[in-house]
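Scroll down for the structure; my scribbles are underneath it.
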Amino acid sequence: EIPSGTYDQAIQYLEKAISIFLEKLPEDDEHLITAIASTGDLYFGRDTSGDDSKALECYERAIAAKKRQGKTKNSLVGNMYCNSGEIHFKQEQYEQAISNFKSALECRKGDTSAESGVIHQCIGLSFEKIGDDQNMDGNYNEAAATYSIGATNLTMARNIFESDLGPNHHNTQMVTKLLKSLTTKIQNAKRMSNGDDAYAAVSIHDTSNPRRLTGMEVSSVSSNDMPGQSKKRPSRPFRVGKMGETEIERKEYEANELMRKKQYDDAMARYETVLGMKKANFGETDIRVAYTYERMANVEAILVKMYPPQGTYDQAISLYEKAISVYKLHLPTEHVSILFATACMGDMYFGRGRPGDDITALGYYNSSLQLILDKQIKMNPDLVGMYSNMGELYYARSDFQMALKCFLAAVSGLSEQEEEYADEEYAILLQSAGLSYVKSADNSPNTLNVTRNYESALRSFMTAHEILAAKFGDDHKLTIDILHHRGDVNFKLGNFEEALTCYMKELNISKKFIAHFTNSSITSDDSMSLADRHSRVILLLRLIGITHMKRGELTKAMAFMEEALEIIRDQPQVHSNEELMAALIAIAPVYCQLGDAKHAISCYKEALDMKPPGQEYPIAQYNLARLYANMNRFDMSQPLFEALLPLLMSNIDRYHREAYNVLRCIGDHHFTMGVGGHGKALGCYRVALTIREKYESRNIIYPYVTALTSTVGFILYAAGDFEQAMYFNQAALDNYKNKCGPTNSDRYAALQNNVANSMMKLGEYNGALDCYSEAVQVKKACFGEQDIRVLGAIVNLGVIQQELQNYAESVACFEEARHILSGALSSKLSFEVANACLLLGNIYLKRNDFTAARTCFGIVRDRSDVRTEEAHRARACLGYISSKQGKLDDALKMYKSAISRDENSENMVALLNGIGNIYAKGRNLNEALFYYEKAMNVSRTINVNKKTLAKTLQNIGNIYRKKRDFDNAEACFEEALGIRKAIGEASTPVDNAKLMIDWGKIYVSQKKYRQAKILFSEVESTLRRIEADTAEANIYLSKAVTYLNELKNKR
């Protein structure tokens, strides 16, 4: 137990958190909702005076917020409802407790775990308490009905506990005792009511009942298809009239005798006479009229099931409706006559099968079933048939959990009958339960439930197969289908040896049949046609090949799949294009695993060329595209991926893993195209990660998540969105750790480095220092202290030490990096190392150490193992050094050599500006203007960094100023200054100072002294305010002061 003081402190902290959240977050924020719910849990757990009301208040607030979000079907909300129900139960507010518990079940819809059993138990106990109150007040009928509802819920709890925990578990035994006690209360209440209990004792089973369970006819070998509907008959038992003295009794007796003799047309005619006589003598609403309506409906239900049909479902439905409407005038709703007529209505809608009839049939079945459970009527063939029909309806609606419950109830009910039940019916019900288990597993996100359901399905199929094989032999259609299902489930469970045994046995049976019969041979109820056998052989050869492939037996797999292809090609009149397509698509992965990509592509292309218009085969298209991508044939893979993506996204629940991989591949292609493709790559990656986040609870393994997340971080970092870059870089590192990736690897060091880069940009220098330090240690441990691959980590560590003003440590890092670099001339330079060289060179450049900088840039220049972009950046930097040293011809040559190899990029802009600067220094203003404007055009085309565009506009403005084209100069200066203000460019006050001084010179030339003074004064005040202490800043401060002094007396 948690001490109360601990609860007090926890509640205190949570309430403080909530008060902060309320100020900072919207009312529907998840953090706020969770905090409120957790506070409710603490009050619920502490359970001191007044805590129940406080807990309820918290739960009501949190649930209301979840309802506004539209997210009420989850465990958090379910737990809150459940706790609220317990509080109301304790407060003797049983109806409110029931409402809360039912809401908790809604949140756990489809769940059959023990937790749901506990909730059913709570509902049952709540109804029991209400029944106790009614009993004390003398309302015995109401008490009996309420107790029955409670017993229903306790029964459901017991069934769940038996299934999930076992029959000997404490919970199972306890709820069984509660159920026994409640059953006694029901009987006592009924005795006290002085009512007529005769109907409660009536058995549903009656040998004269024309409705007899026949089970489900299996017409498919795939667990993806529901077995066909069986021929069901109405569930109303007949009451045989007694010989009487009146004419009506005599004719009714004759009608009953005709029914017994199965002379249904004559019986219907005699009942119509009886109906007319009763209406004339007793009136149309007399209960005796209702009895005749029901008997006529039963006859019609039999006639409609004859072949060919002699009656209609519509007529039977009409007669049952009339019977029910009259019954309700005389009998209580729960009366047995109404109960069975309602069940028969369900049968008729089930049999008619029009759109919407499935919902109507389920409505009638559930209504009658609830009354049956309330009356605790024993299981009988009619009830078994109802459960079977309900199972079919739920299966057809893809509600496989409910279908499974119904089929299992039918199986259990049929096995409980004292008389001998039909083996065939029992086996077919087992098959239906098995198929429902398979479908439930296929749609379950819980790995444990998946395995458990497959194993249960396998047991059902094995029992059914033994029964059918013993009764009909191995060659019967039903036996073969069950054998096939056994193979499929073994395959799903990974029992490939057992799957092969089933498939091979079925293959031998089908081949033997084909060898003995011709095309014109057998088609009967208990055998498959020759055409079906041919198709089954092809399917089995394919499945056997796939199973061998799963076992790594590629030669055997290829042999079976080639046999299937050969049969199809040799017998085109027997086999369809769909079979050929399936065989080609199945054999292609075998070629892939054998390393024969050419044949694999050929198979996929031949198959896809045959597909009918409007029909898609997404997995085949996906595999073909992946093959092309693996061969670096992006010209072929990208169009396929782009065309496939909408199809996958439209059916994302089924193809989420393929959609993830397609988005990743498309994103990778855009990413390799450079900065221009980063936006599209980012969009693809983010959607892929969203898919992974949504479906990862299904224990699906998504490949390359760490790499993909890290790449998103890289793109965002390059785009200047450092906060988002930090989020994704940290997520990549966390994912790597969660997957137990080794922390002594280069990959781990790179992820730490990415996180540190983001922290650096966000000003989190201490955190960056820790990450960079760890990256250095890991790199040195992996490669050795003097290895070139350690260079980047050391340079980054030096940069962060410099930012933290740890100058001694910073210099030590740079000198260590320089020492490593001196031995790197023969080493291969990776992307990371090349960038580290450029970064180190720029550091020495800022220190005016041109010799060291030239060494760093020189290592990167003209290296065949360095990407073009890094090599061009190195040439641009070397050109800048030559320019600074006054070697303008060398600088110009270097810049132009870089331009001839570059494309439109930020690096191109820098090169063009550099050439413009050289021409400007040489007073060749026209050439300077030409290159500056070219740089500006490229900047606008590729949407370059705004800071760079502003600098280019400033350069152009200065050329116009020197050419005394003041209007154009002012326009450039104004746009440049506007850009800097828009991006909050406080980091370049010196650039702004130079711009405003040059702009001021224009005003001086135009004798606009007042405007010039304003600009010079702003330069002075800005530079003094920020206390700029660089040589360049001091130059412009001095210029501003000088110009102001010169203009002091000018107006």
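Residue numbering restarts at 1 in every chain; chains get A, B, ... in the order shown in the structure tokens, and ligands count up from 1 in that same order.
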
As number ranges by chain, please: the residues near Ala600 in chain A (cut-off 9 Å, only C-alpha atoms, same-chain neighbours under 2 positions excluded).
A: 584-585, 587-592, 596-598, 602-605, 624, 627

Neighbour list for Lys896 in chain A as a CSV table (one decimal) with N, CA, C and O atoms, in the first residue's frame, cut-off 12 Å, only C-alpha atoms, skip fewer than 4 positions in-chain:
chain,number,residue,atom,x,y,z
A,872,HIS,N,33.8,22.0,-54.5
A,872,HIS,CA,33.5,23.4,-55.0
A,872,HIS,C,33.6,24.4,-53.9
A,872,HIS,O,34.1,25.5,-54.1
A,875,ARG,N,37.2,25.1,-53.3
A,875,ARG,CA,37.8,26.0,-54.3
A,875,ARG,C,37.3,27.5,-54.1
A,875,ARG,O,38.1,28.4,-54.3
A,876,ALA,N,36.1,27.6,-53.7
A,876,ALA,CA,35.5,28.9,-53.4
A,876,ALA,C,36.3,29.6,-52.3
A,876,ALA,O,36.7,30.8,-52.3
A,878,LEU,N,39.4,28.8,-51.3
A,878,LEU,CA,40.7,29.1,-51.8
A,878,LEU,C,40.8,30.4,-52.6
A,878,LEU,O,41.7,31.2,-52.5
A,879,GLY,N,39.7,30.5,-53.4
A,879,GLY,CA,39.6,31.8,-54.1
A,879,GLY,C,39.5,33.0,-53.2
A,879,GLY,O,40.1,34.0,-53.5
A,889,ASP,N,44.1,37.6,-59.7
A,889,ASP,CA,44.1,36.7,-60.9
A,889,ASP,C,43.9,35.2,-60.4
A,889,ASP,O,43.2,34.5,-61.0
A,890,ASP,N,44.7,34.8,-59.4
A,890,ASP,CA,44.6,33.5,-58.9
A,890,ASP,C,43.2,33.2,-58.3
A,890,ASP,O,42.6,32.1,-58.5
A,891,ALA,N,42.6,34.2,-57.6
A,891,ALA,CA,41.3,34.1,-57.0
A,891,ALA,C,40.3,33.9,-58.1
A,891,ALA,O,39.3,33.1,-58.1
A,892,LEU,N,40.4,34.8,-59.2
A,892,LEU,CA,39.4,34.7,-60.3
A,892,LEU,C,39.5,33.4,-61.0
A,892,LEU,O,38.4,32.8,-61.3
A,900,SER,N,32.4,26.4,-63.3
A,900,SER,CA,32.3,25.6,-64.5
A,900,SER,C,31.8,24.2,-64.1
A,900,SER,O,31.3,23.5,-65.0
A,901,ARG,N,32.0,23.8,-62.9
A,901,ARG,CA,31.6,22.5,-62.5
A,901,ARG,C,30.4,22.4,-61.6
A,901,ARG,O,29.9,21.4,-61.1
A,902,ASP,N,29.8,23.6,-61.2
A,902,ASP,CA,28.8,23.7,-60.3
A,902,ASP,C,27.4,23.9,-60.9
A,902,ASP,O,27.3,24.2,-62.1
A,908,MET,N,27.0,28.1,-55.6
A,908,MET,CA,27.1,28.9,-56.8
A,908,MET,C,27.0,30.4,-56.6
A,908,MET,O,27.7,31.2,-57.1
A,910,ALA,N,27.7,32.0,-53.8
A,910,ALA,CA,28.9,32.4,-53.1
A,910,ALA,C,30.0,32.7,-54.1
A,910,ALA,O,30.7,33.7,-54.1
A,911,LEU,N,30.1,31.7,-55.1
A,911,LEU,CA,31.2,31.9,-56.1
A,911,LEU,C,30.9,33.1,-57.0
A,911,LEU,O,31.9,33.9,-57.3
A,912,LEU,N,29.7,33.3,-57.4
A,912,LEU,CA,29.4,34.5,-58.3
A,912,LEU,C,29.6,35.8,-57.5
A,912,LEU,O,30.1,36.8,-58.1
A,913,ASN,N,29.3,35.8,-56.3
A,913,ASN,CA,29.5,37.0,-55.4
A,913,ASN,C,31.0,37.2,-55.3
A,913,ASN,O,31.5,38.4,-55.3
A,914,GLY,N,31.8,36.1,-55.1
A,914,GLY,CA,33.2,36.2,-55.0
A,914,GLY,C,33.9,36.8,-56.3
A,914,GLY,O,34.8,37.7,-56.2
A,915,ILE,N,33.4,36.4,-57.5
A,915,ILE,CA,33.9,36.9,-58.7
A,915,ILE,C,33.5,38.4,-58.8
A,915,ILE,O,34.4,39.2,-59.3
A,916,GLY,N,32.3,38.7,-58.5
A,916,GLY,CA,31.9,40.1,-58.5
A,916,GLY,C,32.8,41.0,-57.6
A,916,GLY,O,33.1,42.1,-58.0
A,918,ILE,N,35.9,40.5,-56.9
A,918,ILE,CA,37.2,40.7,-57.5
A,918,ILE,C,37.1,41.8,-58.6
A,918,ILE,O,38.0,42.7,-58.6
A,931,TYR,N,28.1,39.7,-62.6
A,931,TYR,CA,28.2,38.5,-61.8
A,931,TYR,C,27.3,38.7,-60.5
A,931,TYR,O,26.7,37.7,-60.1

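Taking CA of Phe973 in chain A as the reference point, CA of Val938 in chain A is found at 18.8 Å.
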
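Separating CA of Cys58 in chain A from CA of Ser38 in chain A is a distance of 8.5 Å.
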
Would you list the contacts of Phe671 in chain A as a PyMOL selection string, taking every protein, DNA or RNA residue within 9 Å and counting only C-alpha atoms, but skipping same-chain residues closer than 6 positions in sequence?
chain A and resi 677-682+711+715

Written file, previous selection with all heavy atoms, as a PDB file, in the first residue's frame:
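What follows is the written file again.pdb:
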ATOM      1  N   GLY A 677      15.552  18.963 -53.713  1.00  0.00           N
ATOM      2  CA  GLY A 677      14.629  17.867 -53.472  1.00  0.00           C
ATOM      3  C   GLY A 677      14.311  17.628 -52.006  1.00  0.00           C
ATOM      4  O   GLY A 677      13.536  16.747 -51.666  1.00  0.00           O
ATOM      5  N   HIS A 678      14.911  18.430 -51.142  1.00  0.00           N
ATOM      6  CA  HIS A 678      14.739  18.199 -49.700  1.00  0.00           C
ATOM      7  C   HIS A 678      13.295  18.394 -49.244  1.00  0.00           C
ATOM      8  O   HIS A 678      12.814  17.695 -48.361  1.00  0.00           O
ATOM      9  CB  HIS A 678      15.663  19.132 -48.907  1.00  0.00           C
ATOM     10  CG  HIS A 678      17.087  18.656 -48.901  1.00  0.00           C
ATOM     11  ND1 HIS A 678      18.085  19.282 -48.189  1.00  0.00           N
ATOM     12  CD2 HIS A 678      17.680  17.600 -49.524  1.00  0.00           C
ATOM     13  CE1 HIS A 678      19.222  18.626 -48.373  1.00  0.00           C
ATOM     14  NE2 HIS A 678      19.005  17.612 -49.189  1.00  0.00           N
ATOM     15  N   GLY A 679      12.609  19.359 -49.817  1.00  0.00           N
ATOM     16  CA  GLY A 679      11.230  19.620 -49.401  1.00  0.00           C
ATOM     17  C   GLY A 679      10.336  18.420 -49.659  1.00  0.00           C
ATOM     18  O   GLY A 679       9.567  17.993 -48.787  1.00  0.00           O
ATOM     19  N   LYS A 680      10.437  17.855 -50.869  1.00  0.00           N
ATOM     20  CA  LYS A 680       9.621  16.682 -51.199  1.00  0.00           C
ATOM     21  C   LYS A 680      10.043  15.477 -50.356  1.00  0.00           C
ATOM     22  O   LYS A 680       9.198  14.687 -49.913  1.00  0.00           O
ATOM     23  CB  LYS A 680       9.747  16.355 -52.685  1.00  0.00           C
ATOM     24  CG  LYS A 680       9.084  17.392 -53.601  1.00  0.00           C
ATOM     25  CD  LYS A 680       9.195  16.979 -55.060  1.00  0.00           C
ATOM     26  CE  LYS A 680       8.494  17.989 -55.967  1.00  0.00           C
ATOM     27  NZ  LYS A 680       8.611  17.614 -57.390  1.00  0.00           N
ATOM     28  N   ALA A 681      11.350  15.338 -50.152  1.00  0.00           N
ATOM     29  CA  ALA A 681      11.826  14.229 -49.327  1.00  0.00           C
ATOM     30  C   ALA A 681      11.273  14.336 -47.917  1.00  0.00           C
ATOM     31  O   ALA A 681      10.806  13.341 -47.337  1.00  0.00           O
ATOM     32  CB  ALA A 681      13.358  14.233 -49.285  1.00  0.00           C
ATOM     33  N   LEU A 682      11.290  15.545 -47.376  1.00  0.00           N
ATOM     34  CA  LEU A 682      10.795  15.753 -46.014  1.00  0.00           C
ATOM     35  C   LEU A 682       9.316  15.377 -45.907  1.00  0.00           C
ATOM     36  O   LEU A 682       8.893  14.740 -44.937  1.00  0.00           O
ATOM     37  CB  LEU A 682      11.008  17.216 -45.606  1.00  0.00           C
ATOM     38  CG  LEU A 682      10.598  17.596 -44.182  1.00  0.00           C
ATOM     39  CD1 LEU A 682      11.409  16.798 -43.167  1.00  0.00           C
ATOM     40  CD2 LEU A 682      10.798  19.090 -43.957  1.00  0.00           C
ATOM     41  N   THR A 711      17.610  11.445 -41.072  1.00  0.00           N
ATOM     42  CA  THR A 711      17.620  12.225 -42.322  1.00  0.00           C
ATOM     43  C   THR A 711      16.640  13.383 -42.254  1.00  0.00           C
ATOM     44  O   THR A 711      16.930  14.483 -42.746  1.00  0.00           O
ATOM     45  CB  THR A 711      17.271  11.313 -43.517  1.00  0.00           C
ATOM     46  OG1 THR A 711      18.150  10.192 -43.537  1.00  0.00           O
ATOM     47  CG2 THR A 711      17.412  12.066 -44.821  1.00  0.00           C
ATOM     48  N   ILE A 715      17.582  17.329 -42.831  1.00  0.00           N
ATOM     49  CA  ILE A 715      16.915  18.260 -43.755  1.00  0.00           C
ATOM     50  C   ILE A 715      16.430  19.497 -43.003  1.00  0.00           C
ATOM     51  O   ILE A 715      16.611  20.638 -43.463  1.00  0.00           O
ATOM     52  CB  ILE A 715      15.734  17.554 -44.453  1.00  0.00           C
ATOM     53  CG1 ILE A 715      16.246  16.432 -45.374  1.00  0.00           C
ATOM     54  CG2 ILE A 715      14.905  18.549 -45.254  1.00  0.00           C
ATOM     55  CD1 ILE A 715      15.147  15.567 -45.953  1.00  0.00           C
TER      56      ILE A 715
END

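Here the question is which of A:Ala97, A:Ala920, A:Leu995, A:Leu275 gets nearest to Phe1016 in chain A using only C-alpha atoms, and that residue is A:Leu995.
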
Within 12 Å of Tyr7 in chain A, counting only C-alpha atoms, which residues show up once you throw out same-chain ones fewer than 3 positions away? Write them as JSON, numbers by chain, please.
{"A": [1, 2, 3, 4, 10, 11, 12, 13, 14, 38, 39, 40, 41, 42, 43, 44, 45, 46, 47, 48, 51]}
